[in-house]
Amino acid sequence: MSSDDATLAAVPDLSAFWMPFTDNRYFKANPRLFSAASGMHYTTPDGRRVLDATAGLWCVNAGHGREPIVRAIQAQAAKLDFAPTFQLGHPAAFELATRLAALMPRGLDRVFFTNSGSESADTALKMALAYHHARGQSGRVRMIGRQRGYHGTNMGGTSVGGIGGNRRAFGAQIWGVDHLAHTHGHAAPFTRGRQASNGDLAGELNELIALHGAESIAAVIVEPVAGSTGVLVPPRGYLERLRQITAQHGILLIFDEVITGFGRLGKATAAEFFGVTPDILTLAKGLTNGAVPMGAVVASRAVHDAIVEGAPAGIEFLHGYTYSGHPLAAAAGIATLKICESEALFERAEGLASYWEDAVHRLAGTRHVIDVRNLGLVAGIELAPREGAPGERATRAFRRCFDEGLLIRVTGDIIALSPPLIVERAQIDEIVERIAAVLETIE
Ligand code: PMP
């Protein structure tokens, strides 16, 4: 063993790091660490390889340890470590914004940088408020999210998000938020791809408009496909209808594409995949392939121009972060987008989608599985909850899979799968077979 390996194998003191979204007491008694990663695999400090079926945390779309990204970060750090983007700038941030704008649906081409998906969500909400304010409609302050929506953990995102557990422990959140019903029913389990239209779910928005008045509503924010709450694929026509109603009433539509952006559905964005263009679109994760924290909010020209031109001379949008457009993140982002293009990664995902669909639906007959959902290279495998212990069965599956060399993600009783887009067919089979084998061993 080299001295480097010995360093990696040493288990650090775990007590000081208060880990996010973690059962800290359990974890620290049963730590699971990664010490390296390459391609489709992580490596543990004791040298075990773990196949990554979740692209890290939905972010490592181009696979781990990509040389061009590593080199770009190193070169940028050596050349220009930091430069403010308040009243100043540096070339990489502008180049990344230009490249990003070129990937977005037509009309969305003004890019605001953040450092995470949570910051992107809150930035998008504030942008919507600023837009209405600039147009003399400062009464438009209400926000509408959706049950089972996840928009990160900052105050705005938590408030428009629809996950009870994430909200209840914190008491009151921001004022003036309503939630649409989520899009998932159990009427048609094991649906492949998109569900048939199931009534007029989006039409519920009309009821909220009738209740509050359109003149009080700023924006509707949804994930085109809800990811973190277990891959909820919208029924056909749903997003189109949301678009139609919001446009009719002057309400902005925000797509949170932190998960669906960068090829997860086989296109640059879910907006492109579904053919529905929002006014504001949030990104993070895959933007830098997870290598450096970064997010972005892409606004339509109309939203941007209203805020910029509607403001008196001077700074028009009093919002931003010290690290907005950070040089290292921008360099990582440019390198990532170049890989996506040169390796045609989005097209690759699109080409694999039907193989993926067939593979994950083989889990339909597996013990405990009550639903399988998929779209692009994402899938949700829902397990029957154990009586009196919701989520426990999936948590056991997660731990058992990890111990057997497979990284999955679980949320409640749902296994969420989102492999890097470089995944091979044989690895897709391996993911599915290993999950099936593990589920057979779990009570
Ligand atoms: N929005 C969505 C749709 C997400 O999936 C996530 C993260 N899973 C976020 C926002 C928050 O991103 P972050 O953890 O980078 O703040």
# chains A, B, ... in the order shown; residues from 1 in each chain; ligands from 1
call {"tool": "residues_near_ligand", "arguments": {"ligand": "ligand 1", "cutoff": "7 Å", "atoms": "only C-alpha atoms and all ligand atoms", "output": "PyMOL selection string"}}
result
chain A and resi 116-119+121+150-153+223+226-228+256-259+284-285
call {"tool": "select_by_dssp", "arguments": {"residues": "stretch 284-427 of chain A", "states": "alpha helix (DSSP H)", "output": "MDAnalysis selection string"}}
result
chainID A and resid 301:310 327:342 345:361 392:403 425:427
call {"tool": "atom_distance", "arguments": {"atom1": "atom CA of A:Arg167", "atom2": "atom CA of A:Ala53"}}
result
28.3 Å
call {"tool": "closest_residue", "arguments": {"among": "A:Pro91, A:Gly320, A:Val432, A:Ile422", "to": "A:Trp356", "atoms": "only C-alpha atoms"}}
result
A:Val432
call {"tool": "closest_residue", "arguments": {"among": "A:Phe190, A:Leu180, A:Leu328, A:Tyr238", "to": "A:Glu207", "atoms": "only C-alpha atoms"}}
result
A:Leu180
call {"tool": "residues_around", "arguments": {"residues": "stretch 208-222 of chain A", "least_positions_apart": "2", "cutoff": "9 Å", "atoms": "only C-alpha atoms", "output": "mmCIF file with C-alpha atoms, in the first residue's frame"}}
result
data_model
loop_
_atom_site.group_PDB
_atom_site.id
_atom_site.type_symbol
_atom_site.label_atom_id
_atom_site.label_comp_id
_atom_site.auth_asym_id
_atom_site.auth_seq_id
_atom_site.Cartn_x
_atom_site.Cartn_y
_atom_site.Cartn_z
ATOM 1 C CA ALA A 121 -34.568 28.659 -6.691
ATOM 2 C CA LEU A 125 -38.391 33.721 -7.042
ATOM 3 C CA ALA A 128 -40.128 37.067 -10.546
ATOM 4 C CA LEU A 129 -40.901 39.606 -7.815
ATOM 5 C CA TYR A 131 -40.045 41.623 -12.751
ATOM 6 C CA HIS A 132 -43.539 42.498 -11.573
ATOM 7 C CA GLN A 137 -47.342 45.417 -10.495
ATOM 8 C CA SER A 138 -45.787 45.186 -7.057
ATOM 9 C CA GLY A 139 -48.960 43.585 -5.747
ATOM 10 C CA ARG A 140 -47.929 40.362 -7.457
ATOM 11 C CA VAL A 141 -46.166 38.707 -4.556
ATOM 12 C CA ARG A 142 -47.845 35.330 -4.091
ATOM 13 C CA MET A 143 -46.021 32.198 -5.186
ATOM 14 C CA ILE A 144 -47.463 28.875 -6.189
ATOM 15 C CA GLY A 145 -45.470 25.684 -5.818
ATOM 16 C CA ARG A 146 -46.567 22.088 -5.875
ATOM 17 C CA GLY A 149 -41.911 19.683 -5.169
ATOM 18 C CA TYR A 150 -38.308 20.191 -4.084
ATOM 19 C CA HIS A 151 -36.606 23.504 -4.660
ATOM 20 C CA VAL A 160 -42.613 26.771 -2.367
ATOM 21 C CA GLY A 161 -41.415 23.201 -1.943
ATOM 22 C CA GLY A 176 -48.267 33.920 0.504
ATOM 23 C CA ASP A 178 -49.990 27.919 -2.185
ATOM 24 C CA LEU A 180 -50.913 22.688 -6.495
ATOM 25 C CA GLU A 204 -56.442 23.655 -10.323
ATOM 26 C CA LEU A 205 -54.332 26.731 -10.899
ATOM 27 C CA ASN A 206 -57.473 28.470 -12.111
ATOM 28 C CA PRO A 224 -40.952 19.447 -14.917
ATOM 29 C CA VAL A 225 -40.319 15.954 -13.521
ATOM 30 C CA ALA A 226 -40.229 15.960 -9.720
ATOM 31 C CA LEU A 242 -49.717 25.273 -16.845
ATOM 32 C CA THR A 246 -49.888 31.309 -16.491
ATOM 33 C CA HIS A 249 -52.911 35.660 -16.445
ATOM 34 C CA GLY A 250 -49.507 37.348 -16.624
ATOM 35 C CA ILE A 251 -48.062 34.925 -14.085
ATOM 36 C CA LEU A 252 -44.464 33.829 -14.624
ATOM 37 C CA LEU A 253 -43.732 30.138 -15.028
ATOM 38 C CA ILE A 254 -40.500 28.874 -13.469
ATOM 39 C CA PHE A 255 -39.108 25.446 -14.292
ATOM 40 C CA ASP A 256 -36.712 24.092 -11.710
ATOM 41 C CA GLU A 257 -34.397 22.074 -13.924
#
call {"tool": "residues_around", "arguments": {"residues": "A:Gln76", "least_positions_apart": "2", "cutoff": "12 Å", "atoms": "only C-alpha atoms", "output": "PyMOL selection string"}}
result
chain A and resi 69-74+78-83+90-93+326-335
call {"tool": "closest_atom_pairs", "arguments": {"of": "stretch 123-210 of chain A", "to": "stretch 400-420 of chain A", "cutoff": "12 Å", "atoms": "only C-alpha atoms", "output": "JSON lines"}}
result
{"residue": "A:Arg148", "atom": "CA", "partner": "A:Thr411", "partner_atom": "CA", "distance": 11.3}
{"residue": "A:Tyr150", "atom": "CA", "partner": "A:Thr411", "partner_atom": "CA", "distance": 11.9}
{"residue": "A:Ile163", "atom": "CA", "partner": "A:Gly412", "partner_atom": "CA", "distance": 11.0}
{"residue": "A:Gly165", "atom": "CA", "partner": "A:Gly412", "partner_atom": "CA", "distance": 10.7}
call {"tool": "residues_around", "arguments": {"residues": "A:Glu272", "least_positions_apart": "3", "cutoff": "10 Å", "atoms": "only C-alpha atoms", "output": "PyMOL selection string"}}
result
chain A and resi 103-106+261+265-269+275-277
call {"tool": "write_last_selection", "arguments": {"atoms": "C-alpha atoms", "output": "PDB file, in the first residue's frame"}}
result
ATOM      1  CA  LEU A 103     -28.337  25.448 -25.075  1.00  0.00           C
ATOM      2  CA  MET A 104     -31.556  26.952 -23.762  1.00  0.00           C
ATOM      3  CA  PRO A 105     -34.935  27.086 -25.475  1.00  0.00           C
ATOM      4  CA  ARG A 106     -35.335  30.041 -27.796  1.00  0.00           C
ATOM      5  CA  GLY A 261     -31.141  19.987 -17.015  1.00  0.00           C
ATOM      6  CA  LEU A 265     -34.162  13.465 -20.281  1.00  0.00           C
ATOM      7  CA  GLY A 266     -32.056  13.244 -23.440  1.00  0.00           C
ATOM      8  CA  LYS A 267     -32.236  16.958 -24.245  1.00  0.00           C
ATOM      9  CA  ALA A 268     -30.392  19.964 -22.852  1.00  0.00           C
ATOM     10  CA  THR A 269     -33.486  20.836 -20.823  1.00  0.00           C
ATOM     11  CA  GLY A 275     -41.707  21.518 -25.837  1.00  0.00           C
ATOM     12  CA  VAL A 276     -42.848  23.956 -23.155  1.00  0.00           C
ATOM     13  CA  THR A 277     -40.853  27.131 -22.545  1.00  0.00           C
TER      14      THR A 277
END
call {"tool": "residues_around", "arguments": {"residues": "A:Arg49", "least_positions_apart": "2", "cutoff": "12 Å", "atoms": "only C-alpha atoms", "output": "PDB file with N, CA and C atoms, in the first residue's frame"}}
result
ATOM      1  N   LEU A  33     -17.868   5.841   3.449  1.00  0.00           N
ATOM      2  CA  LEU A  33     -17.089   6.921   2.853  1.00  0.00           C
ATOM      3  C   LEU A  33     -16.632   6.560   1.447  1.00  0.00           C
ATOM      4  N   PHE A  34     -16.437   7.602   0.662  1.00  0.00           N
ATOM      5  CA  PHE A  34     -15.785   7.439  -0.639  1.00  0.00           C
ATOM      6  C   PHE A  34     -14.447   8.158  -0.582  1.00  0.00           C
ATOM      7  N   SER A  35     -13.476   7.606  -1.238  1.00  0.00           N
ATOM      8  CA  SER A  35     -12.165   8.264  -1.241  1.00  0.00           C
ATOM      9  C   SER A  35     -11.685   8.592  -2.652  1.00  0.00           C
ATOM     10  N   ALA A  36     -12.334   8.046  -3.652  1.00  0.00           N
ATOM     11  CA  ALA A  36     -11.926   8.334  -5.028  1.00  0.00           C
ATOM     12  C   ALA A  36     -13.093   7.998  -5.947  1.00  0.00           C
ATOM     13  N   ALA A  37     -13.002   8.501  -7.179  1.00  0.00           N
ATOM     14  CA  ALA A  37     -14.044   8.176  -8.158  1.00  0.00           C
ATOM     15  C   ALA A  37     -13.492   8.323  -9.562  1.00  0.00           C
ATOM     16  N   SER A  38     -13.947   7.454 -10.426  1.00  0.00           N
ATOM     17  CA  SER A  38     -13.534   7.520 -11.829  1.00  0.00           C
ATOM     18  C   SER A  38     -14.627   6.887 -12.692  1.00  0.00           C
ATOM     19  N   GLY A  39     -15.014   7.571 -13.752  1.00  0.00           N
ATOM     20  CA  GLY A  39     -16.009   7.013 -14.670  1.00  0.00           C
ATOM     21  C   GLY A  39     -17.323   6.723 -13.968  1.00  0.00           C
ATOM     22  N   MET A  40     -17.737   5.476 -14.006  1.00  0.00           N
ATOM     23  CA  MET A  40     -19.015   5.067 -13.413  1.00  0.00           C
ATOM     24  C   MET A  40     -18.881   4.590 -11.964  1.00  0.00           C
ATOM     25  N   HIS A  41     -17.673   4.678 -11.407  1.00  0.00           N
ATOM     26  CA  HIS A  41     -17.453   4.053 -10.092  1.00  0.00           C
ATOM     27  C   HIS A  41     -16.863   4.995  -9.049  1.00  0.00           C
ATOM     28  N   TYR A  42     -17.311   4.783  -7.829  1.00  0.00           N
ATOM     29  CA  TYR A  42     -16.631   5.327  -6.658  1.00  0.00           C
ATOM     30  C   TYR A  42     -15.715   4.239  -6.103  1.00  0.00           C
ATOM     31  N   THR A  43     -14.737   4.662  -5.291  1.00  0.00           N
ATOM     32  CA  THR A  43     -13.909   3.704  -4.562  1.00  0.00           C
ATOM     33  C   THR A  43     -13.983   4.063  -3.083  1.00  0.00           C
ATOM     34  N   THR A  44     -14.109   3.066  -2.239  1.00  0.00           N
ATOM     35  CA  THR A  44     -14.166   3.304  -0.793  1.00  0.00           C
ATOM     36  C   THR A  44     -12.742   3.278  -0.226  1.00  0.00           C
ATOM     37  N   PRO A  45     -12.559   3.817   0.987  1.00  0.00           N
ATOM     38  CA  PRO A  45     -11.204   3.835   1.546  1.00  0.00           C
ATOM     39  C   PRO A  45     -10.586   2.442   1.651  1.00  0.00           C
ATOM     40  N   ASP A  46     -11.411   1.415   1.781  1.00  0.00           N
ATOM     41  CA  ASP A  46     -10.832   0.063   1.848  1.00  0.00           C
ATOM     42  C   ASP A  46     -10.742  -0.586   0.463  1.00  0.00           C
ATOM     43  N   GLY A  47     -10.878   0.241  -0.578  1.00  0.00           N
ATOM     44  CA  GLY A  47     -10.567  -0.240  -1.925  1.00  0.00           C
ATOM     45  C   GLY A  47     -11.707  -0.921  -2.661  1.00  0.00           C
ATOM     46  N   LEU A  51     -20.566   0.929  -7.983  1.00  0.00           N
ATOM     47  CA  LEU A  51     -21.151   1.417  -9.236  1.00  0.00           C
ATOM     48  C   LEU A  51     -22.148   2.539  -8.923  1.00  0.00           C
ATOM     49  N   ASP A  52     -21.989   3.652  -9.594  1.00  0.00           N
ATOM     50  CA  ASP A  52     -22.775   4.847  -9.271  1.00  0.00           C
ATOM     51  C   ASP A  52     -24.048   4.906 -10.121  1.00  0.00           C
ATOM     52  N   PHE A 402     -25.261  -0.556  -1.105  1.00  0.00           N
ATOM     53  CA  PHE A 402     -23.932   0.055  -0.920  1.00  0.00           C
ATOM     54  C   PHE A 402     -22.919  -1.018  -0.523  1.00  0.00           C
ATOM     55  N   ASP A 403     -23.301  -1.810   0.426  1.00  0.00           N
ATOM     56  CA  ASP A 403     -22.365  -2.835   0.903  1.00  0.00           C
ATOM     57  C   ASP A 403     -22.029  -3.826  -0.209  1.00  0.00           C
ATOM     58  N   GLU A 404     -22.933  -3.959  -1.163  1.00  0.00           N
ATOM     59  CA  GLU A 404     -22.682  -4.902  -2.261  1.00  0.00           C
ATOM     60  C   GLU A 404     -22.175  -4.211  -3.524  1.00  0.00           C
ATOM     61  N   GLY A 405     -21.805  -2.930  -3.387  1.00  0.00           N
ATOM     62  CA  GLY A 405     -21.117  -2.275  -4.501  1.00  0.00           C
ATOM     63  C   GLY A 405     -22.006  -1.517  -5.470  1.00  0.00           C
ATOM     64  N   LEU A 406     -23.168  -1.041  -4.994  1.00  0.00           N
ATOM     65  CA  LEU A 406     -24.040  -0.249  -5.867  1.00  0.00           C
ATOM     66  C   LEU A 406     -24.576   0.958  -5.105  1.00  0.00           C
ATOM     67  N   LEU A 407     -24.396   2.130  -5.688  1.00  0.00           N
ATOM     68  CA  LEU A 407     -24.942   3.335  -5.061  1.00  0.00           C
ATOM     69  C   LEU A 407     -26.294   3.656  -5.671  1.00  0.00           C
TER      70      LEU A 407
END
call {"tool": "closest_residue", "arguments": {"among": "A:Ala359, A:Ile442, A:Ala302, A:Leu375", "to": "A:Arg393", "atoms": "only C-alpha atoms"}}
result
A:Ile442
call {"tool": "atom_distance", "arguments": {"atom1": "atom CA of A:Val60", "atom2": "atom CA of A:Val292"}}
result
10.9 Å
call {"tool": "select_by_dssp", "arguments": {"residues": "stretch 85-201 of chain A", "states": "strand (DSSP E)", "output": "list in words"}}
result
Leu108, Asp109, Arg110, Val111, Phe112, Phe113, Thr114, Arg142, Met143, Ile144, Gly145, Arg146, Val177, Asp178, His179 and Leu180 of chain A
call {"tool": "write_last_selection", "arguments": {"atoms": "N, CA and C atoms", "output": "short mmCIF file (atom, residue, chain, number, x, y, z; two decimals), in the first residue's frame"}}
result
data_model
loop_
_atom_site.label_atom_id
_atom_site.label_comp_id
_atom_site.auth_asym_id
_atom_site.auth_seq_id
_atom_site.Cartn_x
_atom_site.Cartn_y
_atom_site.Cartn_z
N LEU A 108 -34.81 32.21 -24.06
CA LEU A 108 -34.22 32.20 -22.72
C LEU A 108 -32.71 32.36 -22.89
N ASP A 109 -32.21 33.56 -22.65
CA ASP A 109 -30.80 33.75 -22.96
C ASP A 109 -30.10 34.75 -22.05
N ARG A 110 -30.63 34.97 -20.87
CA ARG A 110 -29.94 35.84 -19.93
C ARG A 110 -29.64 35.03 -18.67
N VAL A 111 -28.36 34.88 -18.39
CA VAL A 111 -27.92 33.90 -17.38
C VAL A 111 -27.41 34.60 -16.12
N PHE A 112 -27.98 34.23 -14.99
CA PHE A 112 -27.55 34.78 -13.69
C PHE A 112 -26.92 33.63 -12.91
N PHE A 113 -25.68 33.80 -12.44
CA PHE A 113 -25.01 32.68 -11.77
C PHE A 113 -25.22 32.66 -10.26
N THR A 114 -25.36 31.45 -9.75
CA THR A 114 -25.48 31.20 -8.31
C THR A 114 -24.48 30.09 -7.96
N ARG A 142 -47.57 36.72 -4.49
CA ARG A 142 -47.84 35.33 -4.09
C ARG A 142 -47.09 34.36 -5.00
N MET A 143 -46.71 33.25 -4.42
CA MET A 143 -46.02 32.20 -5.19
C MET A 143 -46.83 30.91 -5.12
N ILE A 144 -46.77 30.16 -6.19
CA ILE A 144 -47.46 28.87 -6.19
C ILE A 144 -46.47 27.78 -6.53
N GLY A 145 -46.33 26.85 -5.60
CA GLY A 145 -45.47 25.68 -5.82
C GLY A 145 -46.35 24.46 -5.99
N ARG A 146 -45.80 23.32 -5.69
CA ARG A 146 -46.57 22.09 -5.88
C ARG A 146 -46.21 21.10 -4.77
N VAL A 177 -47.82 31.60 0.02
CA VAL A 177 -47.50 30.49 -0.89
C VAL A 177 -48.63 29.46 -0.88
N ASP A 178 -49.03 29.03 -2.06
CA ASP A 178 -49.99 27.92 -2.18
C ASP A 178 -49.33 26.81 -2.96
N HIS A 179 -49.92 25.63 -2.86
CA HIS A 179 -49.36 24.49 -3.57
C HIS A 179 -50.42 23.79 -4.42
N LEU A 180 -50.07 23.54 -5.65
CA LEU A 180 -50.91 22.69 -6.50
C LEU A 180 -50.76 21.25 -6.03
#
call {"tool": "closest_residue", "arguments": {"among": "A:Val378, A:His368, A:Thr322, A:His64", "to": "A:Gln87", "atoms": "only C-alpha atoms"}}
result
A:Thr322
call {"tool": "atom_distance", "arguments": {"atom1": "atom CA of A:Gly171", "atom2": "atom CA of A:Phe17"}}
result
25.1 Å
